[in-house]
file data07.pdb (PDB, C-alpha atoms)
ATOM      1  CA  MET D 163     -44.856  20.658  35.137
ATOM      2  CA  ASN D 164     -45.190  17.409  33.262
ATOM      3  CA  THR D 165     -43.520  17.438  29.845
ATOM      4  CA  SER D 166     -46.082  17.033  27.113
ATOM      5  CA  LEU D 167     -46.207  13.771  25.166
ATOM      6  CA  PRO D 168     -45.052  15.296  21.834
ATOM      7  CA  GLU D 169     -42.093  16.930  23.569
ATOM      8  CA  ARG D 170     -41.119  13.676  25.318
ATOM      9  CA  THR D 171     -41.375  11.835  21.983
ATOM     10  CA  THR D 172     -39.065  14.389  20.339
ATOM     11  CA  ARG D 173     -36.559  14.051  23.157
ATOM     12  CA  THR D 174     -36.658  10.267  22.899
ATOM     13  CA  ALA D 175     -35.986  10.389  19.162
ATOM     14  CA  GLY D 176     -33.115  12.826  19.663
ATOM     15  CA  ARG D 177     -31.644  10.665  22.431
ATOM     16  CA  THR D 178     -31.800   7.547  20.245
ATOM     17  CA  THR D 179     -30.181   9.371  17.326
ATOM     18  CA  ALA D 180     -27.371  10.719  19.519
ATOM     19  CA  ILE D 181     -26.575   7.310  21.013
ATOM     20  CA  ALA D 182     -26.662   5.635  17.577
ATOM     21  CA  ALA D 183     -24.362   8.317  16.148
ATOM     22  CA  GLY D 184     -22.015   7.936  19.095
ATOM     23  CA  THR D 185     -21.888   4.159  18.659
ATOM     24  CA  PHE D 186     -21.094   4.524  14.952
ATOM     25  CA  LEU D 187     -18.398   7.131  15.583
ATOM     26  CA  GLY D 188     -16.911   4.940  18.312
ATOM     27  CA  ALA D 189     -16.676   1.920  16.024
ATOM     28  CA  LEU D 190     -15.093   4.037  13.273
ATOM     29  CA  ALA D 191     -12.645   5.546  15.773
ATOM     30  CA  VAL D 192     -11.528   2.092  16.948
ATOM     31  CA  THR D 193     -10.928   1.026  13.330
ATOM     32  CA  LEU D 194      -8.895   4.142  12.487
ATOM     33  CA  VAL D 195      -6.806   3.889  15.636
ATOM     34  CA  ALA D 196      -6.096   0.199  14.966
ATOM     35  CA  VAL D 197      -5.043   0.840  11.347
ATOM     36  CA  GLY D 198      -2.968   3.881  12.301
ATOM     37  CA  GLY D 199      -1.262   1.978  15.089
ATOM     38  CA  ALA D 200      -0.492  -0.931  12.755
ATOM     39  CA  LEU D 201       1.088   1.425  10.202
ATOM     40  CA  LEU D 202       3.263   3.077  12.837
ATOM     41  CA  ALA D 203       4.281  -0.322  14.242
ATOM     42  CA  MET D 204       5.218  -1.531  10.758
ATOM     43  CA  HIS D 205       7.171   1.674  10.131
ATOM     44  CA  SER D 206       9.184   1.233  13.317
ATOM     45  CA  SER D 207       9.803  -2.526  13.227
ATOM     46  CA  LYS D 208       9.541  -3.862   9.666
ATOM     47  CA  ARG D 209      12.174  -1.760   7.892
ATOM     48  CA  ASP D 210      15.743  -2.773   7.144
ATOM     49  CA  ALA D 211      18.848  -0.667   7.785
ATOM     50  CA  ASP D 212      18.212   1.368   4.618
ATOM     51  CA  GLY D 213      14.622   2.156   5.542
ATOM     52  CA  PHE D 214      12.999  -0.302   3.111
ATOM     53  CA  TYR D 215      10.138  -2.688   3.829
ATOM     54  CA  SER D 216      11.685  -5.758   2.256
ATOM     55  CA  THR D 217      10.764  -9.321   1.424
ATOM     56  CA  GLY D 218      13.075 -12.201   2.144
ATOM     57  CA  GLN D 219      15.202 -13.626  -0.649
ATOM     58  CA  LYS D 220      13.749 -16.289  -2.900
ATOM     59  CA  THR D 221      15.481 -17.999  -5.807
ATOM     60  CA  LEU D 222      13.565 -17.315  -9.014
ATOM     61  CA  ALA D 223      14.312 -19.251 -12.165
ATOM     62  CA  THR D 224      13.182 -19.487 -15.780
ATOM     63  CA  PRO D 225      14.491 -21.428 -18.769
ATOM     64  CA  THR D 226      13.716 -18.366 -20.931
ATOM     65  CA  HIS D 227      15.772 -15.201 -21.467
ATOM     66  CA  ALA D 228      14.029 -12.922 -18.963
ATOM     67  CA  MET D 229      11.655 -12.519 -16.043
ATOM     68  CA  VAL D 230       9.512  -9.432 -16.570
ATOM     69  CA  ALA D 231       7.025  -7.581 -14.355
ATOM     70  CA  ASP D 232       5.465  -5.106 -16.760
ATOM     71  CA  LYS D 233       2.212  -4.189 -15.032
ATOM     72  CA  ILE D 234       3.572  -1.294 -12.953
ATOM     73  CA  ASP D 235       1.013   1.339 -13.917
ATOM     74  CA  VAL D 236       1.320   4.623 -12.025
ATOM     75  CA  GLY D 237      -1.651   6.842 -12.897
ATOM     76  CA  GLY D 238      -0.785   9.956 -14.860
ATOM     77  CA  ASP D 239      -3.751  12.099 -13.771
ATOM     78  CA  GLY D 240      -2.196  13.368 -10.557
ATOM     79  CA  PRO D 241      -0.353  16.694 -10.209
ATOM     80  CA  GLY D 242       3.311  16.760 -11.108
ATOM     81  CA  TRP D 243       4.485  17.539  -7.552
ATOM     82  CA  LEU D 244       2.992  14.240  -6.385
ATOM     83  CA  PHE D 245       5.529  12.300  -8.460
ATOM     84  CA  SER D 246       8.614  14.386  -7.632
ATOM     85  CA  LYS D 247      11.211  13.866  -4.889
ATOM     86  CA  SER D 248      10.089  10.239  -4.344
ATOM     87  CA  ARG D 249       6.845  11.370  -2.704
ATOM     88  CA  LEU D 250       5.112   8.131  -3.756
ATOM     89  CA  GLY D 251       8.015   6.050  -2.514
ATOM     90  CA  THR D 252      10.990   4.136  -3.873
ATOM     91  CA  ILE D 253      11.136   0.564  -5.170
ATOM     92  CA  ARG D 254      14.209  -1.615  -4.714
ATOM     93  CA  VAL D 255      14.925  -4.905  -6.475
ATOM     94  CA  THR D 256      17.939  -6.958  -5.405
ATOM     95  CA  ALA D 257      19.413 -10.060  -7.056
ATOM     96  CA  ARG D 258      22.597 -12.059  -6.699
ATOM     97  CA  GLY D 259      24.635 -13.158  -9.677
ATOM     98  CA  THR D 260      27.468 -15.671  -9.910
ATOM     99  CA  SER D 261      30.807 -15.639 -11.695
ATOM    100  CA  ALA D 262      29.373 -18.117 -14.193
ATOM    101  CA  LYS D 263      26.184 -16.119 -14.762
ATOM    102  CA  PRO D 264      26.337 -12.434 -13.828
ATOM    103  CA  VAL D 265      22.860 -10.991 -13.283
ATOM    104  CA  PHE D 266      21.193  -7.878 -14.716
ATOM    105  CA  ILE D 267      18.282  -5.907 -13.222
ATOM    106  CA  GLY D 268      16.669  -3.044 -15.098
ATOM    107  CA  ILE D 269      13.647  -0.770 -14.801
ATOM    108  CA  ALA D 270      12.317   1.017 -17.884
ATOM    109  CA  ARG D 271       9.102   2.086 -19.539
ATOM    110  CA  THR D 272       6.969  -0.872 -20.559
ATOM    111  CA  ALA D 273       6.874   0.115 -24.248
ATOM    112  CA  GLN D 274      10.683   0.192 -24.431
ATOM    113  CA  VAL D 275      11.018  -3.165 -22.677
ATOM    114  CA  ASN D 276       8.401  -4.724 -24.978
ATOM    115  CA  ALA D 277      10.269  -3.441 -28.026
ATOM    116  CA  TYR D 278      13.587  -4.762 -26.714
ATOM    117  CA  LEU D 279      12.166  -8.211 -25.875
ATOM    118  CA  HIS D 280       9.879  -8.500 -28.917
ATOM    119  CA  GLY D 281       9.850 -12.124 -30.063
ATOM    120  CA  VAL D 282      12.027 -13.209 -27.110
ATOM    121  CA  ALA D 283      10.893 -16.080 -24.859
ATOM    122  CA  GLN D 284      10.217 -14.674 -21.404
ATOM    123  CA  ASP D 285       8.243 -15.264 -18.217
ATOM    124  CA  GLU D 286       5.797 -12.514 -17.311
ATOM    125  CA  ILE D 287       5.276 -12.139 -13.561
ATOM    126  CA  THR D 288       1.501 -11.973 -13.160
ATOM    127  CA  ASP D 289       1.227 -12.090  -9.367
ATOM    128  CA  LEU D 290       3.585 -11.323  -6.503
ATOM    129  CA  GLU D 291       3.152 -12.134  -2.828
ATOM    130  CA  VAL D 292       5.551 -10.404  -0.479
ATOM    131  CA  ASP D 293       5.360 -12.316   2.810
ATOM    132  CA  PRO D 294       6.925 -14.684   2.010
ATOM    133  CA  LEU D 295       8.037 -13.751  -1.502
ATOM    134  CA  ALA D 296       6.211 -15.843  -4.106
ATOM    135  CA  VAL D 297       5.510 -15.208  -7.774
ATOM    136  CA  ALA D 298       3.251 -16.603 -10.491
ATOM    137  CA  TYR D 299       4.322 -16.614 -14.138
ATOM    138  CA  HIS D 300       2.810 -16.559 -17.595
ATOM    139  CA  ARG D 301       5.088 -17.923 -20.324
ATOM    140  CA  ARG D 302       5.502 -15.794 -23.453
ATOM    141  CA  PRO D 303       7.018 -17.957 -26.168
ATOM    142  CA  GLY D 304       9.580 -16.666 -28.642
ATOM    143  CA  THR D 305      12.587 -17.608 -30.731
ATOM    144  CA  ALA D 306      14.600 -14.369 -30.916
ATOM    145  CA  THR D 307      17.842 -13.881 -28.983
ATOM    146  CA  PRO D 308      18.205 -10.500 -27.264
ATOM    147  CA  SER D 309      21.379  -8.489 -27.194
ATOM    148  CA  ALA D 310      23.017  -7.912 -23.815
ATOM    149  CA  PRO D 311      20.693  -5.751 -21.679
ATOM    150  CA  GLY D 312      23.540  -3.664 -20.311
ATOM    151  CA  GLY D 313      24.198  -2.309 -23.799
ATOM    152  CA  GLN D 314      20.748  -0.688 -23.974
ATOM    153  CA  THR D 315      20.365   3.007 -23.180
ATOM    154  CA  PHE D 316      16.669   3.219 -22.278
ATOM    155  CA  TRP D 317      16.898   1.949 -18.686
ATOM    156  CA  ALA D 318      15.700   4.428 -16.066
ATOM    157  CA  SER D 319      17.663   2.486 -13.459
ATOM    158  CA  ARG D 320      19.848  -0.592 -13.747
ATOM    159  CA  ALA D 321      22.414  -2.704 -11.906
ATOM    160  CA  GLY D 322      24.181  -5.985 -12.427
ATOM    161  CA  GLY D 323      27.262  -8.133 -12.157
ATOM    162  CA  THR D 324      28.456 -10.945  -9.949
ATOM    163  CA  GLY D 325      27.456 -11.053  -6.322
ATOM    164  CA  HIS D 326      24.961  -8.614  -4.864
ATOM    165  CA  ALA D 327      23.234  -6.237  -7.319
ATOM    166  CA  SER D 328      20.547  -3.766  -6.294
ATOM    167  CA  VAL D 329      18.527  -1.265  -8.301
ATOM    168  CA  THR D 330      16.420   1.506  -6.728
ATOM    169  CA  TRP D 331      13.797   3.534  -8.553
ATOM    170  CA  PRO D 332      11.758   6.510  -7.273
ATOM    171  CA  VAL D 333       8.160   5.902  -8.373
ATOM    172  CA  GLN D 334       7.182   8.004 -11.397
ATOM    173  CA  LYS D 335       4.019   8.345 -13.433
ATOM    174  CA  GLY D 336       3.576   6.087 -16.464
ATOM    175  CA  ASN D 337       3.752   2.382 -17.334
ATOM    176  CA  TRP D 338       6.923   0.691 -16.153
ATOM    177  CA  ALA D 339       8.522  -2.748 -16.203
ATOM    178  CA  VAL D 340      11.121  -4.528 -14.084
ATOM    179  CA  VAL D 341      13.406  -6.998 -15.879
ATOM    180  CA  VAL D 342      15.746  -9.653 -14.452
ATOM    181  CA  MET D 343      18.067 -11.321 -16.982
ATOM    182  CA  ASN D 344      21.490 -12.817 -17.370
ATOM    183  CA  ALA D 345      23.960 -10.015 -18.047
ATOM    184  CA  ASP D 346      24.803 -11.482 -21.471
ATOM    185  CA  GLY D 347      21.149 -12.003 -22.427
ATOM    186  CA  THR D 348      21.374 -15.792 -22.598
ATOM    187  CA  ALA D 349      18.533 -18.107 -21.634
ATOM    188  CA  GLY D 350      18.310 -19.879 -18.293
ATOM    189  CA  VAL D 351      17.998 -17.180 -15.636
ATOM    190  CA  GLN D 352      18.332 -18.175 -11.986
ATOM    191  CA  ALA D 353      19.022 -15.812  -9.098
ATOM    192  CA  PRO D 354      18.043 -15.145  -5.491
ATOM    193  CA  VAL D 355      15.770 -12.073  -5.622
ATOM    194  CA  SER D 356      14.219  -9.784  -3.016
ATOM    195  CA  VAL D 357      11.894  -6.817  -3.412
ATOM    196  CA  GLY D 358      11.608  -3.779  -1.155
ATOM    197  CA  ALA D 359       9.779  -0.483  -0.969
ATOM    198  CA  LYS D 360      10.303   2.735   0.944
ATOM    199  CA  ALA D 361       7.257   4.915   1.582
ATOM    200  CA  GLY D 362       7.880   7.831   3.908
ATOM    201  CA  PHE D 363       4.249   8.903   3.810
ATOM    202  CA  LEU D 364       3.199   5.816   5.814
ATOM    203  CA  VAL D 365       4.303   7.335   9.118
ATOM    204  CA  TRP D 366       2.322  10.498   8.382
ATOM    205  CA  LEU D 367      -0.674   8.448   7.287
ATOM    206  CA  GLY D 368      -0.508   6.368  10.459
ATOM    207  CA  ALA D 369      -0.210   9.454  12.670
ATOM    208  CA  GLY D 370      -3.074  11.126  10.823
ATOM    209  CA  LEU D 371      -5.336   8.104  11.269
ATOM    210  CA  LEU D 372      -4.507   7.968  14.980
ATOM    211  CA  GLY D 373      -5.258  11.657  15.404
ATOM    212  CA  PHE D 374      -8.511  11.523  13.448
ATOM    213  CA  GLY D 375      -9.532   8.412  15.357
ATOM    214  CA  ALA D 376      -8.950  10.235  18.643
ATOM    215  CA  VAL D 377     -11.144  13.134  17.464
ATOM    216  CA  LEU D 378     -13.912  10.733  16.469
ATOM    217  CA  ALA D 379     -13.624   8.958  19.816
ATOM    218  CA  GLY D 380     -14.170  12.282  21.557
ATOM    219  CA  GLY D 381     -17.230  12.928  19.401
ATOM    220  CA  ALA D 382     -18.561   9.458  20.182
ATOM    221  CA  VAL D 383     -18.230  10.027  23.936
ATOM    222  CA  ALA D 384     -19.978  13.393  23.636
ATOM    223  CA  CYS D 385     -22.891  11.925  21.647
ATOM    224  CA  ILE D 386     -23.416   8.961  23.970
ATOM    225  CA  PHE D 387     -23.079  11.051  27.137
ATOM    226  CA  GLY D 388     -25.416  13.688  25.741
ATOM    227  CA  GLY D 389     -27.986  11.056  24.787
ATOM    228  CA  ARG D 390     -27.940   9.470  28.229
ATOM    229  CA  ARG D 391     -28.179  12.859  29.929
ATOM    230  CA  THR D 392     -31.233  13.683  27.849
ATOM    231  CA  SER D 393     -32.696  10.336  28.869
ATOM    232  CA  ARG D 394     -32.249  11.100  32.572
ATOM    233  CA  GLU D 395     -33.802  14.546  32.150
ATOM    234  CA  SER D 396     -36.796  13.049  30.342
ATOM    235  CA  LEU D 397     -37.350  10.567  33.159
ATOM    236  CA  ALA D 398     -37.114  13.348  35.729
ATOM    237  CA  ASP D 399     -39.659  15.450  33.832
ATOM    238  CA  ALA D 400     -42.013  12.510  33.489
ATOM    239  CA  GLY D 401     -41.910  11.881  37.245
ATOM    240  CA  ALA D 402     -42.462  15.537  38.310
ATOM    241  CA  PRO D 403     -45.930  16.407  39.782
ATOM    242  CA  GLY D 404     -48.236  17.998  37.253
ATOM    243  CA  ILE D 405     -50.270  21.184  37.682
ATOM    244  CA  VAL D 406     -53.875  20.781  36.639
ATOM    245  CA  ALA D 407     -55.390  23.867  35.067
ATOM    246  CA  PRO D 408     -58.658  25.075  36.730
TER     247      PRO D 408
END
call {"tool": "encode", "arguments": {"input": "data07.pdb", "output": "structure tokens"}}
result
Amino acid sequence: MNTSLPERTTRTAGRTTAIAAGTFLGALAVTLVAVGGALLAMHSSKRDADGFYSTGQKTLATPTHAMVADKIDVGGDGPGWLFSKSRLGTIRVTARGTSAKPVFIGIARTAQVNAYLHGVAQDEITDLEVDPLAVAYHRRPGTATPSAPGGQTFWASRAGGTGHASVTWPVQKGNWAVVVMNADGTAGVQAPVSVGAKAGFLVWLGAGLLGFGAVLAGGAVACIFGGRRTSRESLADAGAPGIVAP
């Protein structure tokens, strides 16, 4: 029996919708698989011996008393467990001091750093590129002389001295600042610096994206195959001999 025109029209619309949905799901699957694969590749090949994704060293210098990155704002609306046990990752800042000018690196809450460096000339780091390491500064003028940073008690994490100095900080909620200074607080800071981060969730995120992409790819194949099968059935129905009612 010939399929009626309304029924063939409905089948055609359904076939078109299925193929369009399959094409969309296929494109989304390719994107997710590519991103997931890139994350897993970065996790396996871009980390150093301590598991950090790290920039190369670059000598940073300022004629002022400090270089400050005080725009580390970790939202406080998330649940407490999200910020415990380094779930959001760990930041590492490394610098190298000399016997003539030992270096100091400290991480503390922004309000405490601002109070400590109030009226002190400093360079605020306004932009940071990681590959390769490059920074942009905004000069904050001042005339005050700070006391030695190592004598302050508000640092959440700190390190310093001659030679290699490295500070690590598990990401916590709140507003935070990273400070690089001379250990005695004098002006004229110059030190090779590198920045690193460890984020264990990246491997899980990459694996999750790969898995979800595979599921979507399966759905795309099913939609496209189903649409084409419907198309073949419609053509077969259209070509079948009709029965004319008496």
call {"tool": "atom_distance", "arguments": {"input": "data07.pdb", "atom1": "CA of Phe316 in chain D", "atom2": "CA of Gln219 in chain D"}}
result
27.5 Å
call {"tool": "resolve_selection", "arguments": {"input": "data07.pdb", "expression": "the PyMOL selection byres ((chain D and resi 290) around 12)", "output": "PyMOL selection string"}}
result
chain D and resi 217+220+222+230-231+233-234+286-289+291-299+356-357
call {"tool": "write_last_selection", "arguments": {"input": "data07.pdb", "atoms": "C-alpha atoms", "output": "compact mmCIF listing (two decimals), in the frame of the given file"}}
result
# COMPACT_ATOMS: atom_id res chain seq x y z
CA THR D 217 10.76 -9.32 1.42
CA LYS D 220 13.75 -16.29 -2.90
CA LEU D 222 13.56 -17.32 -9.01
CA VAL D 230 9.51 -9.43 -16.57
CA ALA D 231 7.02 -7.58 -14.36
CA LYS D 233 2.21 -4.19 -15.03
CA ILE D 234 3.57 -1.29 -12.95
CA GLU D 286 5.80 -12.51 -17.31
CA ILE D 287 5.28 -12.14 -13.56
CA THR D 288 1.50 -11.97 -13.16
CA ASP D 289 1.23 -12.09 -9.37
CA GLU D 291 3.15 -12.13 -2.83
CA VAL D 292 5.55 -10.40 -0.48
CA ASP D 293 5.36 -12.32 2.81
CA PRO D 294 6.92 -14.68 2.01
CA LEU D 295 8.04 -13.75 -1.50
CA ALA D 296 6.21 -15.84 -4.11
CA VAL D 297 5.51 -15.21 -7.77
CA ALA D 298 3.25 -16.60 -10.49
CA TYR D 299 4.32 -16.61 -14.14
CA SER D 356 14.22 -9.78 -3.02
CA VAL D 357 11.89 -6.82 -3.41
call {"tool": "closest_residue", "arguments": {"input": "data07.pdb", "among": "D:Leu190, D:Ala262, D:Ala277, D:Val255", "to": "Ala345 in chain D", "atoms": "all atoms listed in the file"}}
result
D:Ala262
call {"tool": "residues_near_point", "arguments": {"input": "data07.pdb", "point": "(23.9, -11.7, -9.7)", "cutoff": "9 Å", "atoms": "all atoms listed in the file", "output": "list of chain:residue names"}}
result
D:Thr256, D:Ala257, D:Arg258, D:Gly259, D:Thr260, D:Ser261, D:Lys263, D:Pro264, D:Val265, D:Phe266, D:Ile267, D:Gly322, D:Gly323, D:Thr324, D:Gly325, D:His326, D:Ala327, D:Asn344, D:Ala345, D:Gln352, D:Ala353, D:Pro354
call {"tool": "atom_distance", "arguments": {"input": "data07.pdb", "atom1": "CA of Val275 in chain D", "atom2": "CA of Gln334 in chain D"}}
result
16.3 Å
call {"tool": "resolve_selection", "arguments": {"input": "data07.pdb", "expression": "the PyMOL selection byres ((chain D and resi 376) around 12)", "output": "list in words"}}
result
Leu187, Gly188, Ala189, Leu190, Ala191, Val192, Thr193, Leu194, Val195, Ala196, Gly198, Gly199, Ala369, Gly370, Leu371, Leu372, Gly373, Phe374, Gly375, Val377, Leu378, Ala379, Gly380, Gly381, Ala382 and Val383 of chain D
call {"tool": "closest_residue", "arguments": {"input": "data07.pdb", "among": "D:Pro225, D:Gly218, D:Gly358, D:Gly268", "to": "Trp338 in chain D", "atoms": "all atoms listed in the file"}}
result
D:Gly268
call {"tool": "atom_distance", "arguments": {"input": "data07.pdb", "atom1": "CA of Asp285 in chain D", "atom2": "CA of Gly312 in chain D"}}
result
19.3 Å
call {"tool": "closest_residue", "arguments": {"input": "data07.pdb", "among": "D:Thr179, D:His280, D:Asp232, D:Ile253", "to": "Ser319 in chain D", "atoms": "all atoms listed in the file"}}
result
D:Ile253
call {"tool": "residues_near_point", "arguments": {"input": "data07.pdb", "point": "(21.8, -13.1, -30.7)", "cutoff": "10 Å", "atoms": "only C-alpha atoms", "output": "ChimeraX atom specification"}}
result
/D:306-310,346-348
call {"tool": "closest_residue", "arguments": {"input": "data07.pdb", "among": "D:Ser328, D:Asn337, D:Gln284, D:Thr315", "to": "Thr226 in chain D", "atoms": "only C-alpha atoms"}}
result
D:Gln284
call {"tool": "residues_around", "arguments": {"input": "data07.pdb", "residues": "Ala270 in chain D", "least_positions_apart": "6", "cutoff": "6 Å", "atoms": "all atoms listed in the file", "output": "compact mmCIF listing (two decimals) with C-alpha atoms, keeping the file's coordinate frame"}}
result
# COMPACT_ATOMS: atom_id res chain seq x y z
CA TRP D 317 16.90 1.95 -18.69
CA ALA D 318 15.70 4.43 -16.07
CA TRP D 338 6.92 0.69 -16.15
CA ALA D 339 8.52 -2.75 -16.20
